[in-house]
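Student: Got final-v6.txt for you, compact mmCIF, C-alpha atoms and all ligand atoms:
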# COMPACT_ATOMS: atom_id res chain seq x y z
CA MET A 1465 0.13 9.43 -75.57
CA ILE A 1466 -2.48 12.09 -76.34
CA PRO A 1467 -6.03 10.66 -76.05
CA ALA A 1468 -8.01 10.31 -79.28
CA LEU A 1469 -10.90 12.07 -77.57
CA THR A 1470 -11.13 14.13 -74.41
CA ILE A 1471 -14.43 15.43 -73.10
CA GLU A 1472 -14.33 17.62 -70.00
CA ASN A 1473 -17.36 18.73 -68.06
CA LEU A 1474 -19.55 18.92 -71.14
CA SER A 1475 -23.02 20.36 -70.69
CA LYS A 1476 -25.86 20.88 -73.09
CA GLU A 1477 -29.01 22.77 -72.39
CA TYR A 1478 -31.41 22.77 -75.33
CA THR A 1479 -33.58 25.79 -76.05
CA GLY A 1480 -36.42 25.58 -73.60
CA GLY A 1481 -34.08 24.67 -70.77
CA PHE A 1482 -33.87 20.88 -71.07
CA ARG A 1483 -30.50 19.67 -69.78
CA ALA A 1484 -29.46 16.84 -72.10
CA LEU A 1485 -25.87 16.67 -70.78
CA LYS A 1486 -25.03 17.50 -67.19
CA GLY A 1487 -21.27 17.97 -67.19
CA ILE A 1488 -19.96 14.70 -68.61
CA SER A 1489 -16.27 13.83 -68.79
CA LEU A 1490 -14.66 10.96 -70.62
CA GLU A 1491 -11.45 9.99 -72.33
CA VAL A 1492 -10.89 7.58 -75.19
CA GLN A 1493 -7.33 6.41 -75.82
CA GLN A 1494 -5.77 6.02 -79.27
CA GLY A 1495 -6.43 2.58 -80.70
CA ASP A 1496 -9.35 1.90 -78.40
CA PHE A 1497 -12.69 0.42 -79.38
CA PHE A 1498 -15.02 2.33 -77.09
CA ALA A 1499 -18.74 2.01 -76.40
CA LEU A 1500 -21.00 4.81 -75.23
CA LEU A 1501 -23.90 2.76 -73.95
CA GLY A 1502 -27.21 4.14 -72.84
CA PRO A 1503 -30.97 4.03 -73.30
CA ASN A 1504 -32.92 6.25 -75.68
CA GLY A 1505 -32.79 9.88 -74.66
CA ALA A 1506 -29.64 9.45 -72.55
CA GLY A 1507 -27.62 12.05 -74.48
CA LYS A 1508 -25.53 9.90 -76.83
CA SER A 1509 -26.42 11.67 -80.08
CA THR A 1510 -26.17 15.05 -78.38
CA THR A 1511 -22.59 14.18 -77.36
CA ILE A 1512 -21.70 13.10 -80.89
CA GLY A 1513 -23.42 16.12 -82.39
CA ILE A 1514 -21.22 18.36 -80.24
CA ILE A 1515 -18.03 16.49 -81.20
CA CYS A 1516 -18.73 17.12 -84.90
CA SER A 1517 -20.07 20.64 -84.28
CA LEU A 1518 -23.61 19.95 -85.48
CA VAL A 1519 -24.89 20.76 -82.01
CA SER A 1520 -23.63 23.72 -79.99
CA LYS A 1521 -22.52 23.04 -76.45
CA THR A 1522 -23.49 25.05 -73.41
CA SER A 1523 -20.17 24.59 -71.62
CA GLY A 1524 -17.21 22.26 -71.34
CA ARG A 1525 -14.35 21.21 -73.56
CA VAL A 1526 -13.90 18.70 -76.37
CA ALA A 1527 -10.51 17.83 -77.87
CA VAL A 1528 -9.73 15.40 -80.67
CA TYR A 1529 -6.13 14.17 -80.70
CA GLY A 1530 -5.27 17.12 -78.51
CA THR A 1531 -6.93 19.71 -80.76
CA ASP A 1532 -9.65 21.71 -79.02
CA ILE A 1533 -12.67 21.86 -81.37
CA ASP A 1534 -13.31 25.48 -80.34
CA VAL A 1535 -9.78 26.50 -81.22
CA ASP A 1536 -9.27 24.61 -84.48
CA PHE A 1537 -12.34 22.74 -85.65
CA ALA A 1538 -10.98 22.26 -89.18
CA GLY A 1539 -7.89 20.63 -87.69
CA ALA A 1540 -9.93 18.38 -85.40
CA LYS A 1541 -12.37 17.46 -88.17
CA LYS A 1542 -9.63 15.90 -90.31
CA ASN A 1543 -9.19 13.23 -87.68
CA ILE A 1544 -12.87 12.38 -87.26
CA GLY A 1545 -15.23 10.30 -89.36
CA ILE A 1546 -18.86 10.37 -88.31
CA VAL A 1547 -21.63 7.91 -89.06
CA PRO A 1548 -24.78 9.64 -87.80
CA GLN A 1549 -27.81 7.88 -86.41
CA GLU A 1550 -30.12 9.26 -89.10
CA PHE A 1551 -29.49 8.88 -92.83
CA ASN A 1552 -28.34 12.32 -93.87
CA PHE A 1553 -27.23 11.95 -97.47
CA ASN A 1554 -28.99 13.06 -100.62
CA MET A 1555 -31.29 10.14 -101.41
CA PHE A 1556 -31.28 11.06 -105.11
CA GLU A 1557 -27.51 10.92 -105.45
CA LYS A 1558 -25.68 7.77 -106.53
CA ALA A 1559 -23.71 5.85 -103.91
CA LEU A 1560 -20.37 6.54 -105.62
CA ASP A 1561 -21.09 10.27 -105.90
CA ILE A 1562 -22.06 10.47 -102.24
CA VAL A 1563 -18.66 9.13 -101.21
CA VAL A 1564 -16.65 11.03 -103.84
CA ASN A 1565 -18.34 14.33 -102.96
CA GLN A 1566 -17.50 13.83 -99.31
CA ALA A 1567 -13.85 13.42 -100.29
CA GLY A 1568 -14.19 16.72 -102.13
CA TYR A 1569 -15.24 18.47 -98.92
CA TYR A 1570 -11.93 17.37 -97.44
CA GLY A 1571 -10.00 18.76 -100.39
CA ILE A 1572 -8.98 15.34 -101.69
CA PRO A 1573 -8.11 15.59 -105.41
CA PRO A 1574 -10.65 13.90 -107.77
CA LEU A 1575 -8.44 10.98 -108.84
CA LEU A 1576 -7.58 10.04 -105.30
CA ALA A 1577 -11.19 10.62 -104.24
CA HIS A 1578 -12.34 8.04 -106.79
CA LYS A 1579 -9.66 5.59 -105.71
CA ARG A 1580 -10.61 5.97 -102.05
CA ALA A 1581 -14.33 5.77 -102.78
CA GLU A 1582 -13.79 2.55 -104.71
CA LYS A 1583 -11.63 1.13 -101.93
CA TYR A 1584 -14.23 1.74 -99.21
CA LEU A 1585 -17.29 0.89 -101.28
CA ARG A 1586 -15.61 -2.43 -102.11
CA LYS A 1587 -14.67 -3.05 -98.48
CA LEU A 1588 -18.28 -2.45 -97.48
CA GLY A 1589 -19.69 -4.64 -100.22
CA LEU A 1590 -21.29 -1.76 -102.09
CA TRP A 1591 -19.17 -1.48 -105.21
CA ASP A 1592 -21.78 -3.16 -107.39
CA LYS A 1593 -24.30 -0.60 -106.08
CA ARG A 1594 -22.13 2.40 -106.96
CA ASN A 1595 -24.54 3.68 -109.60
CA VAL A 1596 -27.65 3.12 -107.51
CA SER A 1597 -29.19 6.18 -105.89
CA GLY A 1598 -29.33 6.30 -102.10
CA ARG A 1599 -33.07 5.91 -101.78
CA MET A 1600 -32.97 2.54 -103.61
CA LEU A 1601 -30.60 0.99 -101.06
CA SER A 1602 -31.77 -1.13 -98.11
CA GLY A 1603 -31.38 0.19 -94.55
CA GLY A 1604 -28.23 -1.88 -93.98
CA MET A 1605 -26.74 -0.68 -97.27
CA LYS A 1606 -27.50 2.94 -96.43
CA ARG A 1607 -25.70 2.47 -93.12
CA ARG A 1608 -22.70 0.91 -94.87
CA LEU A 1609 -22.70 3.74 -97.39
CA MET A 1610 -22.42 6.21 -94.52
CA ILE A 1611 -19.49 4.19 -93.13
CA ALA A 1612 -17.72 4.33 -96.52
CA ARG A 1613 -18.41 8.06 -96.66
CA ALA A 1614 -17.03 8.56 -93.14
CA LEU A 1615 -13.80 6.73 -94.03
CA VAL A 1616 -12.99 8.40 -97.34
CA HIS A 1617 -10.60 10.91 -95.75
CA GLU A 1618 -9.08 8.08 -93.67
CA PRO A 1619 -9.72 9.58 -90.22
CA ARG A 1620 -7.88 8.27 -87.17
CA LEU A 1621 -11.11 8.26 -85.15
CA LEU A 1622 -14.38 6.80 -86.42
CA ILE A 1623 -17.53 7.58 -84.45
CA LEU A 1624 -20.71 5.63 -85.18
CA ASP A 1625 -24.07 6.52 -83.67
CA GLU A 1626 -26.10 3.32 -83.21
CA PRO A 1627 -24.80 1.81 -86.43
CA THR A 1628 -26.57 -1.51 -86.01
CA ALA A 1629 -29.99 -0.32 -84.81
CA GLY A 1630 -32.58 -1.86 -87.12
CA VAL A 1631 -29.96 -3.93 -88.95
CA ASP A 1632 -30.63 -7.67 -89.19
CA ILE A 1633 -28.43 -10.16 -87.33
CA GLU A 1634 -26.42 -11.32 -90.32
CA MET A 1635 -25.67 -7.80 -91.49
CA ARG A 1636 -24.90 -6.79 -87.90
CA ARG A 1637 -22.27 -9.53 -87.64
CA SER A 1638 -20.61 -8.59 -90.90
CA MET A 1639 -20.57 -4.95 -89.79
CA TRP A 1640 -18.97 -6.05 -86.50
CA ASP A 1641 -16.28 -7.97 -88.41
CA PHE A 1642 -15.58 -4.96 -90.58
CA LEU A 1643 -15.26 -2.66 -87.59
CA LYS A 1644 -13.05 -5.09 -85.68
CA GLU A 1645 -10.68 -5.31 -88.62
CA LEU A 1646 -10.62 -1.54 -89.02
CA ASN A 1647 -9.76 -1.20 -85.33
CA GLU A 1648 -7.04 -3.85 -85.59
CA ASP A 1649 -5.57 -1.86 -88.46
CA GLY A 1650 -5.23 1.12 -86.13
CA THR A 1651 -8.42 3.20 -86.35
CA THR A 1652 -9.81 4.27 -83.00
CA ILE A 1653 -13.54 3.54 -82.88
CA ILE A 1654 -16.32 4.90 -80.71
CA LEU A 1655 -19.81 3.61 -81.09
CA THR A 1656 -23.02 4.35 -79.31
CA THR A 1657 -25.41 1.53 -78.67
CA HIS A 1658 -28.11 0.44 -76.34
CA TYR A 1659 -27.09 -3.22 -76.60
CA LEU A 1660 -24.72 -4.38 -73.87
CA GLU A 1661 -23.96 -7.50 -75.93
CA GLU A 1662 -22.76 -5.30 -78.77
CA ALA A 1663 -20.36 -3.51 -76.46
CA GLU A 1664 -19.28 -6.89 -75.10
CA ALA A 1665 -18.66 -8.32 -78.58
CA LEU A 1666 -16.65 -5.37 -79.85
CA CYS A 1667 -15.36 -2.96 -77.28
CA ARG A 1668 -12.53 -2.78 -74.75
CA ASN A 1669 -13.76 0.23 -72.82
CA ILE A 1670 -17.15 1.60 -72.06
CA ALA A 1671 -18.97 4.57 -70.62
CA ILE A 1672 -22.59 4.25 -69.61
CA ILE A 1673 -24.73 7.35 -69.93
CA THR A 1674 -28.22 7.88 -68.55
CA ASN A 1675 -30.12 11.14 -68.18
CA GLY A 1676 -27.15 13.14 -69.38
CA GLU A 1677 -24.75 11.70 -66.81
CA ILE A 1678 -21.92 9.18 -67.08
CA VAL A 1679 -22.61 6.54 -64.47
CA GLU A 1680 -19.82 4.09 -65.44
CA HIS A 1681 -16.47 4.52 -67.15
CA SER A 1682 -14.36 1.39 -67.15
CA SER A 1683 -13.18 -1.57 -69.17
CA VAL A 1684 -15.94 -3.77 -70.52
CA ARG A 1685 -14.35 -6.71 -68.71
CA ASP A 1686 -14.50 -4.99 -65.31
CA LEU A 1687 -18.05 -3.89 -65.90
CA LEU A 1688 -19.21 -7.39 -66.80
CA ARG A 1689 -17.38 -8.84 -63.80
CA ARG A 1690 -19.17 -6.38 -61.53
CA LEU A 1691 -22.53 -7.01 -63.15
CA HIS A 1692 -22.13 -10.76 -62.76
CA ARG A 1693 -21.20 -10.32 -59.11
CA GLU A 1694 -24.24 -8.14 -58.52
CA VAL A 1695 -26.51 -10.67 -60.22
CA PHE A 1696 -24.90 -13.39 -58.11
CA ILE A 1697 -25.43 -11.47 -54.85
CA PHE A 1698 -28.96 -10.66 -55.88
CA ASP A 1699 -29.60 -14.34 -56.54
CA CYS A 1700 -28.29 -15.24 -53.08
CA VAL A 1701 -30.25 -12.62 -51.23
CA ASP A 1702 -33.51 -12.92 -53.04
CA PRO A 1703 -33.88 -16.30 -54.74
CA LEU A 1704 -36.91 -16.46 -56.96
P1 LIG A 1801 -29.82 9.46 -77.32
O1 LIG A 1801 -29.03 9.64 -78.57
O2 LIG A 1801 -29.02 8.89 -76.20
O3 LIG A 1801 -31.07 8.67 -77.56
P2 LIG A 1801 -30.23 12.33 -77.54
O4 LIG A 1801 -28.89 12.92 -77.36
O5 LIG A 1801 -30.76 12.24 -78.92
O6 LIG A 1801 -30.29 10.90 -76.81
O7 LIG A 1801 -31.28 13.16 -76.68
C1 LIG A 1801 -31.07 13.43 -75.32
C2 LIG A 1801 -32.23 14.22 -74.80
O8 LIG A 1801 -32.24 15.51 -75.39
C3 LIG A 1801 -33.59 13.60 -75.10
O9 LIG A 1801 -34.43 13.76 -73.99
C4 LIG A 1801 -34.08 14.39 -76.28
O10 LIG A 1801 -35.49 14.43 -76.29
C5 LIG A 1801 -33.48 15.75 -76.01
N1 LIG A 1801 -33.24 16.47 -77.27
C6 LIG A 1801 -32.51 16.03 -78.32
N2 LIG A 1801 -32.47 16.95 -79.29
C7 LIG A 1801 -33.19 18.01 -78.85
C8 LIG A 1801 -33.53 19.29 -79.38
N3 LIG A 1801 -33.10 19.67 -80.59
N4 LIG A 1801 -34.29 20.12 -78.62
C9 LIG A 1801 -34.71 19.76 -77.39
N5 LIG A 1801 -34.43 18.58 -76.82
C10 LIG A 1801 -33.68 17.71 -77.52
MG MG A 1802 -29.31 8.86 -80.41
Can you give me the file's structure in the form of structure tokens?
Ligand code: ADP
Ligand code: MG
Tutor:
Amino acid sequence: MIPALTIENLSKEYTGGFRALKGISLEVQQGDFFALLGPNGAGKSTTIGIICSLVSKTSGRVAVYGTDIDVDFAGAKKNIGIVPQEFNFNMFEKALDIVVNQAGYYGIPPLLAHKRAEKYLRKLGLWDKRNVSGRMLSGGMKRRLMIARALVHEPRLLILDEPTAGVDIEMRRSMWDFLKELNEDGTTIILTTHYLEEAEALCRNIAIITNGEIVEHSSVRDLLRRLHREVFIFDCVDPL
């Protein structure tokens, strides 16, 4: 099966010479729930920015469902939904319009766009806020609005950049449930996070990135097993 996402030897040097990505490679299989875990400044948002062509890459290759983004970005884009780390919608637009307009960018006819927007705003508990402008929504609601917007063209791969940062525990759990269900229904999901427990609660596979390098790429289960063993050995060698 073709991977949902292939990244080969991806490098990013920002203007000024800072190397944010130092030749990372990773593969995410179709149907996976994948975590890109790493501390602030590791290169997570840079990676996602490159996948959705908001950030130019220095070298390397990115393919989405086998389509190289350099060769056919429009083709690749159809399969991707992105929930960026920063709120990037028009704060003066109403929630419903934000989602419907996004559908328009994908060439979805108006009637279907409305139907889809209603479907996803309902799923995300925002239907009663449809006529509220973005700036009046809480942080958690804004995040959910961006998820609805990212799903309106029903992409096969949903990528979320730190979707639960700054979201309270209750809202975090309901977002987790929503994402789990979406994944069970067949959508491949990648999320970035700096919470290991979030990766543990949601994801099957994980890559850990620090200083622009992938230092781990395995199943979450194997990683936790290894971590526990290391903690155990550490405890034996150096009891406190
Ligand atoms: P993360 O999302 O993992 O927190 P980022 O990908 O946002 O990390 O950033 C990785 C590194 O690249 C950081 O050191 C950040 O300061 C740097 N960086 C990000 N954007 C730019 C930019 N536009 N110009 C220069 N450096 C940048
Ligand atoms: Mg980031």
Student: Using all atoms listed in the file, which of the listed residues (A:Pro1574, A:Pro1548, A:Gly1650, A:Gly1598) sits closest to ligand MG 1802 (chain A)?
Tutor: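 Among the listed residues, the smallest separation from ligand MG 1802 (chain A) belongs to A:Pro1548.
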Student: What is the distance between CA of Val1547 (chain A) and CA of Leu1646 (chain A), in Å to one decimal?
Tutor: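 For CA of Val1547 (chain A) relative to CA of Leu1646 (chain A), the distance reads 14.5 Å.
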Student: Taking all atoms listed in the file into account, which residues have an atom no farther than 12 Å from ligand MG 1802 (chain A)? I'd like them as a VMD selection string.
Tutor: chain A and resid 1484 1500 to 1513 1547 to 1550 1624 to 1627 1629 1655 to 1658 1673 to 1674
Student: Using only C-alpha atoms and all ligand atoms, pick whichever of A:Glu1472, A:Glu1477, A:Asp1561, A:Glu1634 has the shortest atom-to-atom distance to ligand LIG 1801 (chain A).
Tutor: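 Of A:Glu1472, A:Glu1477, A:Asp1561, A:Glu1634, the one nearest ligand LIG 1801 (chain A), counting only C-alpha atoms and all ligand atoms, is A:Glu1477.
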Student: Measure the distance from CA of Lys1476 (chain A) to CA of Glu1680 (chain A) in Å and round it to one decimal.
Tutor: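 These atoms are spaced 19.4 Å apart.
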Student: Report the distance between CA of Met1635 (chain A) and CA of Gly1589 (chain A) in Å, rounded to one decimal place.
Tutor: 11.0 Å
Student: Excluding Ala1671 (chain A) and its own-chain neighbours fewer than 5 positions away, which residues fall within 10 Å of it when counting only C-alpha atoms? Please give them as a list in words.
Tutor: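 Here the qualifying residues turn out to be Ser1489, Leu1490, Glu1491, Val1492, Phe1498, Ala1499, Leu1500, Leu1501, Gly1502, Thr1656, Glu1677, Ile1678, Val1679, Glu1680, His1681, Ser1682, Ser1683, Val1684 and Leu1687 of chain A.
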Student: Nearest residue to Leu1601 (chain A) out of A:Leu1688, A:Leu1474, A:Ala1468, A:Ala1559, using all atoms listed in the file?
Tutor: A:Ala1559
Student: Residues near His1617 (chain A), anyone? I mean within 10 Å using only C-alpha atoms, not counting same-chain ones fewer than 5 positions away, as a PDB file with C-alpha atoms, in the coordinates of the input.
Tutor:
ATOM      1  CA  LYS A1542      -9.630  15.900 -90.310  1.00  0.00           C
ATOM      2  CA  ASN A1543      -9.190  13.230 -87.680  1.00  0.00           C
ATOM      3  CA  ILE A1544     -12.870  12.380 -87.260  1.00  0.00           C
ATOM      4  CA  GLY A1545     -15.230  10.300 -89.360  1.00  0.00           C
ATOM      5  CA  VAL A1563     -18.660   9.130-101.210  1.00  0.00           C
ATOM      6  CA  GLN A1566     -17.500  13.830 -99.310  1.00  0.00           C
ATOM      7  CA  ALA A1567     -13.850  13.420-100.290  1.00  0.00           C
ATOM      8  CA  GLY A1568     -14.190  16.720-102.130  1.00  0.00           C
ATOM      9  CA  TYR A1569     -15.240  18.470 -98.920  1.00  0.00           C
ATOM     10  CA  TYR A1570     -11.930  17.370 -97.440  1.00  0.00           C
ATOM     11  CA  GLY A1571     -10.000  18.760-100.390  1.00  0.00           C
ATOM     12  CA  ILE A1572      -8.980  15.340-101.690  1.00  0.00           C
ATOM     13  CA  ALA A1577     -11.190  10.620-104.240  1.00  0.00           C
ATOM     14  CA  ARG A1580     -10.610   5.970-102.050  1.00  0.00           C
ATOM     15  CA  ALA A1581     -14.330   5.770-102.780  1.00  0.00           C
ATOM     16  CA  ALA A1612     -17.720   4.330 -96.520  1.00  0.00           C
TER      17      ALA A1612
END
Student: Listed atoms of region 1579-1585 of chain A, axis-aligned box, 6 Å per side: centre and edge lengths to one decimal in Å, as lines of an AutoDock Vina configuration file?
Tutor:
center_x = -13.5
center_y = 3.4
center_z = -102.5
size_x = 19.6
size_y = 17.1
size_z = 18.5
Student: Rank nothing, just name the residue among A:Arg1613, A:Tyr1529, A:Lys1583, A:Phe1482 nearest to ligand LIG 1801 (chain A), using all atoms listed in the file.
Tutor: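 Among A:Arg1613, A:Tyr1529, A:Lys1583, A:Phe1482, it is A:Phe1482 that comes nearest to ligand LIG 1801 (chain A).
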Student: Find, counting only C-alpha atoms, the residue in A:Ala1527, A:Val1535, A:Ile1562, A:Leu1590 that gets nearest to Ile1466 (chain A).
Tutor: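 Going through A:Ala1527, A:Val1535, A:Ile1562, A:Leu1590 one by one, the smallest distance to Ile1466 (chain A) is for A:Ala1527.
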Student: For Glu1648 (chain A), please output as a list in words all residues within 10 Å (counting all atoms listed in the file; exclusion window: fewer than 6 positions along the same chain).
Tutor: Gly1495, Asp1496, Phe1497 and Phe1642 of chain A
